[in-house]
$ cat upload-v6.txt   # compact mmCIF, C-alpha atoms and all ligand atoms
# COMPACT_ATOMS: atom_id res chain seq x y z
CA MET Q 432 81.85 57.30 113.43
CA LYS Q 433 84.99 58.93 112.00
CA PRO Q 434 84.56 62.72 111.63
CA LEU Q 435 84.08 63.77 108.03
CA PHE Q 436 85.85 66.49 106.09
CA ILE Q 437 83.36 67.99 103.63
CA VAL Q 438 84.24 70.60 101.01
CA LEU Q 439 81.92 72.81 98.98
CA GLU Q 440 83.27 74.01 95.67
CA GLY Q 441 81.88 76.08 92.83
CA PRO Q 442 82.13 79.41 91.10
CA ASP Q 443 81.65 82.76 92.78
CA ALA Q 444 78.05 83.34 93.83
CA SER Q 445 77.08 79.67 93.50
CA GLY Q 446 75.64 79.67 97.01
CA LYS Q 447 78.50 78.05 98.90
CA SER Q 448 78.29 80.36 101.91
CA THR Q 449 74.54 79.83 102.24
CA GLN Q 450 74.94 76.05 101.95
CA LEU Q 451 77.76 76.10 104.47
CA ARG Q 452 75.36 77.71 106.93
CA LEU Q 453 72.37 75.51 106.09
CA LEU Q 454 74.44 72.33 106.19
CA SER Q 455 76.05 73.32 109.43
CA ASP Q 456 72.61 73.98 110.98
CA ALA Q 457 71.22 70.68 109.67
CA LEU Q 458 74.15 68.63 110.94
CA SER Q 459 74.26 70.44 114.29
CA ALA Q 460 70.57 69.64 114.70
CA ARG Q 461 71.50 65.97 114.26
CA GLY Q 462 74.03 66.35 117.06
CA VAL Q 463 77.14 66.41 114.88
CA PRO Q 464 80.01 68.40 116.43
CA LEU Q 465 81.50 70.49 113.66
CA VAL Q 466 83.61 73.39 112.53
CA ALA Q 467 82.52 75.49 109.52
CA THR Q 468 85.30 77.35 107.78
CA ARG Q 469 86.44 78.74 104.43
CA GLU Q 470 89.33 79.38 102.09
CA PRO Q 471 91.15 81.54 101.47
CA GLY Q 472 90.99 82.29 105.18
CA GLY Q 473 89.94 80.27 108.20
CA THR Q 474 92.78 81.51 110.45
CA PRO Q 475 93.70 85.06 111.51
CA LEU Q 476 96.71 85.04 109.16
CA GLY Q 477 94.68 83.36 106.42
CA GLU Q 478 92.00 86.05 106.65
CA ARG Q 479 94.66 88.73 106.26
CA LEU Q 480 96.09 86.93 103.25
CA ARG Q 481 92.55 86.64 101.87
CA GLU Q 482 92.12 90.42 102.08
CA LEU Q 483 95.35 90.92 100.15
CA VAL Q 484 94.48 88.36 97.50
CA LEU Q 485 90.93 89.62 96.94
CA ALA Q 486 91.54 93.37 97.12
CA PRO Q 487 90.36 94.79 93.78
CA ASP Q 488 93.11 97.42 93.90
CA SER Q 489 96.08 95.10 94.47
CA PRO Q 490 97.02 93.47 91.19
CA MET Q 491 99.58 90.69 91.58
CA ASN Q 492 101.22 88.04 89.46
CA PRO Q 493 99.25 84.79 89.20
CA LEU Q 494 102.10 82.88 90.87
CA THR Q 495 102.15 85.33 93.80
CA GLU Q 496 98.40 84.84 94.14
CA LEU Q 497 98.80 81.06 94.15
CA LEU Q 498 101.58 81.12 96.73
CA LEU Q 499 99.59 83.35 99.09
CA ILE Q 500 96.50 81.15 98.79
CA VAL Q 501 98.52 77.98 99.29
CA GLY Q 502 100.29 79.57 102.27
CA ALA Q 503 96.95 80.40 103.83
CA ARG Q 504 95.86 76.79 103.13
CA HIS Q 505 98.81 75.34 105.03
CA GLU Q 506 97.99 77.46 108.09
CA HIS Q 507 94.36 76.42 107.79
CA VAL Q 508 95.11 72.70 107.55
CA GLU Q 509 97.60 72.70 110.40
CA LYS Q 510 95.81 75.06 112.79
CA VAL Q 511 92.13 74.41 112.13
CA ILE Q 512 91.27 71.41 109.97
CA ARG Q 513 93.56 68.70 111.37
CA PRO Q 514 93.02 69.71 115.02
CA ALA Q 515 89.23 69.71 114.53
CA LEU Q 516 89.24 66.26 112.92
CA ARG Q 517 91.55 65.00 115.67
CA ASP Q 518 89.02 66.27 118.23
CA GLY Q 519 86.28 64.28 116.53
CA LYS Q 520 84.65 67.29 114.86
CA TRP Q 521 83.39 67.28 111.29
CA VAL Q 522 84.88 70.02 109.13
CA LEU Q 523 82.74 71.84 106.58
CA CYS Q 524 84.85 74.00 104.34
CA SER Q 525 83.95 76.39 101.54
CA ARG Q 526 86.67 75.90 98.88
CA TYR Q 527 89.88 73.88 99.16
CA THR Q 528 92.50 72.46 96.80
CA LEU Q 529 90.22 72.16 93.75
CA SER Q 530 89.65 75.94 93.80
CA SER Q 531 93.37 76.49 93.22
CA LEU Q 532 93.37 74.04 90.32
CA ALA Q 533 90.21 75.48 88.75
CA TYR Q 534 91.00 79.20 89.29
CA GLN Q 535 94.80 79.40 89.17
CA GLY Q 536 95.19 76.42 86.79
CA TRP Q 537 92.31 76.56 84.31
CA GLY Q 538 91.44 80.22 85.01
CA ARG Q 539 94.86 81.85 85.16
CA GLY Q 540 96.76 79.24 83.15
CA LEU Q 541 99.36 78.27 85.77
CA ASP Q 542 100.97 74.84 85.53
CA ARG Q 543 98.57 72.29 87.01
CA ASP Q 544 101.25 69.88 88.16
CA LEU Q 545 102.90 72.70 90.06
CA ILE Q 546 99.55 73.50 91.72
CA ARG Q 547 99.06 69.83 92.60
CA ARG Q 548 102.51 69.69 94.18
CA LEU Q 549 101.94 72.88 96.15
CA ASN Q 550 98.51 71.63 97.27
CA GLY Q 551 100.15 68.40 98.43
CA LEU Q 552 102.79 70.34 100.33
CA ALA Q 553 100.24 72.64 101.97
CA THR Q 554 97.83 69.89 102.99
CA GLY Q 555 100.30 67.10 103.75
CA GLY Q 556 97.99 64.94 101.62
CA LEU Q 557 94.83 65.63 103.63
CA ASP Q 558 91.97 65.13 101.17
CA PRO Q 559 88.28 65.72 101.83
CA ASP Q 560 85.92 62.79 102.41
CA TYR Q 561 83.21 64.45 100.32
CA VAL Q 562 83.27 67.25 97.75
CA PHE Q 563 80.12 68.95 96.48
CA LEU Q 564 80.47 71.08 93.38
CA LEU Q 565 77.68 73.66 93.16
CA ASP Q 566 77.65 73.95 89.41
CA LEU Q 567 76.37 77.00 87.53
CA PRO Q 568 76.38 77.89 83.86
CA PRO Q 569 79.19 80.45 83.44
CA ALA Q 570 76.78 83.14 82.24
CA VAL Q 571 74.73 82.77 85.45
CA ALA Q 572 77.85 82.86 87.64
CA TYR Q 573 79.02 85.90 85.75
CA GLU Q 574 75.71 87.70 86.06
CA ARG Q 575 75.33 86.89 89.74
CA THR Q 576 78.64 88.52 90.60
CA ARG Q 577 78.87 92.23 91.07
CA GLU Q 578 82.59 92.74 90.80
CA ARG Q 579 83.06 92.69 94.53
CA ASP Q 580 86.65 91.50 94.27
CA ARG Q 581 89.40 90.77 91.77
CA PHE Q 582 88.01 87.41 90.69
CA GLU Q 583 84.51 88.70 90.32
CA GLY Q 584 85.88 91.40 88.04
CA GLU Q 585 87.01 88.69 85.60
CA GLY Q 586 85.11 88.19 82.37
CA LEU Q 587 82.78 85.49 81.15
CA GLU Q 588 85.65 83.60 79.50
CA PHE Q 589 87.40 83.25 82.84
CA PHE Q 590 84.28 81.77 84.45
CA THR Q 591 83.90 79.44 81.49
CA ARG Q 592 87.47 78.13 81.89
CA VAL Q 593 87.00 77.69 85.64
CA ARG Q 594 83.86 75.65 85.06
CA VAL Q 595 85.52 73.42 82.46
CA GLY Q 596 88.29 72.87 84.99
CA TYR Q 597 85.92 71.99 87.80
CA LEU Q 598 83.92 69.53 85.71
CA GLU Q 599 87.08 67.82 84.51
CA LEU Q 600 88.69 67.73 87.96
CA ILE Q 601 85.64 66.41 89.76
CA ARG Q 602 85.60 63.24 87.65
CA SER Q 603 88.78 61.96 89.28
CA VAL Q 604 87.87 62.91 92.85
CA PRO Q 605 86.38 60.13 95.00
CA ARG Q 606 83.00 60.86 96.62
CA ALA Q 607 82.59 64.08 94.63
CA HIS Q 608 79.12 65.10 93.51
CA VAL Q 609 77.99 67.77 91.09
CA ILE Q 610 74.89 69.62 92.33
CA ASP Q 611 72.84 71.95 90.15
CA GLY Q 612 73.48 75.38 91.68
CA THR Q 613 70.41 76.86 89.99
CA LEU Q 614 68.11 74.79 92.26
CA SER Q 615 66.54 76.36 95.34
CA GLN Q 616 68.69 76.51 98.48
CA GLU Q 617 66.46 73.88 100.14
CA ARG Q 618 66.85 71.45 97.26
CA VAL Q 619 70.61 71.92 97.10
CA LEU Q 620 70.79 71.20 100.82
CA GLY Q 621 68.55 68.14 100.39
CA GLU Q 622 70.83 66.74 97.69
CA ILE Q 623 73.95 67.27 99.76
CA LEU Q 624 72.39 65.59 102.82
CA ALA Q 625 71.20 62.68 100.69
CA HIS Q 626 74.82 61.83 99.82
CA LEU Q 627 76.10 61.97 103.38
CA PRO Q 628 75.95 59.12 105.86
CA ARG Q 629 73.49 59.74 108.67
CA PRO Q 630 75.43 60.03 111.91
CA GLY Q 631 74.49 57.51 114.54
CA ILE Q 632 72.93 55.11 112.00
P1 LIG Q 701 84.86 82.89 98.06
O1 LIG Q 701 84.96 83.52 99.38
O2 LIG Q 701 84.41 81.47 98.04
O3 LIG Q 701 83.97 83.79 97.17
P2 LIG Q 701 82.49 83.51 96.67
O4 LIG Q 701 81.64 83.35 97.90
O5 LIG Q 701 82.19 84.76 95.90
O6 LIG Q 701 82.55 82.28 95.85
O7 LIG Q 701 86.27 82.93 97.31
C1 LIG Q 701 86.89 84.14 97.02
C2 LIG Q 701 87.67 84.06 95.73
O8 LIG Q 701 88.90 83.35 95.93
C3 LIG Q 701 86.95 83.36 94.62
O9 LIG Q 701 86.76 84.29 93.58
C4 LIG Q 701 87.90 82.30 94.15
C5 LIG Q 701 89.21 82.65 94.75
N1 LIG Q 701 90.06 81.47 95.06
C6 LIG Q 701 91.05 81.10 94.17
O10 LIG Q 701 91.22 81.71 93.11
N2 LIG Q 701 91.85 80.02 94.46
C7 LIG Q 701 91.71 79.30 95.60
O11 LIG Q 701 92.46 78.31 95.84
C8 LIG Q 701 90.69 79.70 96.52
C9 LIG Q 701 90.51 78.95 97.81
C10 LIG Q 701 89.88 80.79 96.21
$ encode --input "upload-v6.txt" --output "structure tokens" --more "lines below"
Ligand code: TYD
Amino acid sequence: MKPLFIVLEGPDASGKSTQLRLLSDALSARGVPLVATREPGGTPLGERLRELVLAPDSPMNPLTELLLIVGARHEHVEKVIRPALRDGKWVLCSRYTLSSLAYQGWGRGLDRDLIRRLNGLATGGLDPDYVFLLDLPPAVAYERTRERDRFEGEGLEFFTRVRVGYLELIRSVPRAHVIDGTLSQERVLGEILAHLPRPGI
């Protein structure tokens, strides 16, 4: 079976990191070789860029932010994601191209076509096989965050715009599923697994 590239998307504090761990454990238990990773980050340079982008005390222009995130994405795709898939490993990734469209496009108001072009450049057209959007009402996302970083310091309106973006974007993405992020962790995992093919079957 061809290795799958699976992306988890959703607002801050929607449970992506927990699901990344639970999904990785569940798939490993089924004997699936995999790499679990995240954006921004996933490479040593990417993690350094992540620190710069998220630091609450380093304000930057929205375009600078986009370029740093997209730069980190290119490193990630070339050094981690493509090599893993080539080696037959599944890749589970928290956030990818849709985050840039939802946050920098809908959230920050940057030109969406520009973001699409930059995403295309950074990924060389590598799209995920499955996307799961852990959806949360903006007020819940807002309340769950504790202003840990620059994005989490944004207001309710920002989270509302990001959610509108996600829900609009997801409609045109193949094999994308919206999962209710207010469900228990076990149920969210169950829904994700139900959409995935069972390896070896
Ligand atoms: P993440 O580590 O997923 O944070 P959380 O677990 O709180 O959801 O992402 C960190 C922040 O980076 C998040 O607030 C969204 C932001 N981000 C963008 O704005 N654009 C992007 O393309 C990516 C990948 C992340």
$ atom_distance --input "upload-v6.txt" --atom1 "atom CA of Pro628 of chain Q" --atom2 "atom CA of Leu529 of chain Q"
22.8 Å
$ closest_residue --input "upload-v6.txt" --among "Q:Ala457, Q:Met491, Q:Ala533, Q:Ala444" --to "Tyr573 of chain Q" --atoms "all atoms listed in the file"
Q:Ala444
$ residues_near_ligand --input "upload-v6.txt" --ligand "ligand LIG 701 (chain Q)" --cutoff "8 Å" --atoms "only C-alpha atoms and all ligand atoms" --output "VMD selection string"
chain Q and resid 440 to 448 469 to 471 481 484 to 485 496 to 497 500 to 501 504 525 to 535 576 580 to 583
$ atom_distance --input "upload-v6.txt" --atom1 "atom CA of Thr449 of chain Q" --atom2 "atom CA of Ile623 of chain Q"
12.8 Å
$ residues_around --input "upload-v6.txt" --residues "Gly502 of chain Q" --least-positions-apart "6" --cutoff "9 Å" --atoms "only C-alpha atoms" --output "PyMOL selection string"
chain Q and resi 477+480+553
$ residues_around --input "upload-v6.txt" --residues "Ala607 of chain Q" --least-positions-apart "6" --cutoff "6 Å" --atoms "all atoms listed in the file" --output "VMD selection string"
chain Q and resid 561 to 563
$ atom_distance --input "upload-v6.txt" --atom1 "atom CA of Asp611 of chain Q" --atom2 "atom CA of Arg629 of chain Q"
22.2 Å
$ closest_residue --input "upload-v6.txt" --among "Q:Leu587, Q:Leu454, Q:Leu549, Q:Ile601" --to "Glu622 of chain Q" --atoms "all atoms listed in the file"
Q:Leu454
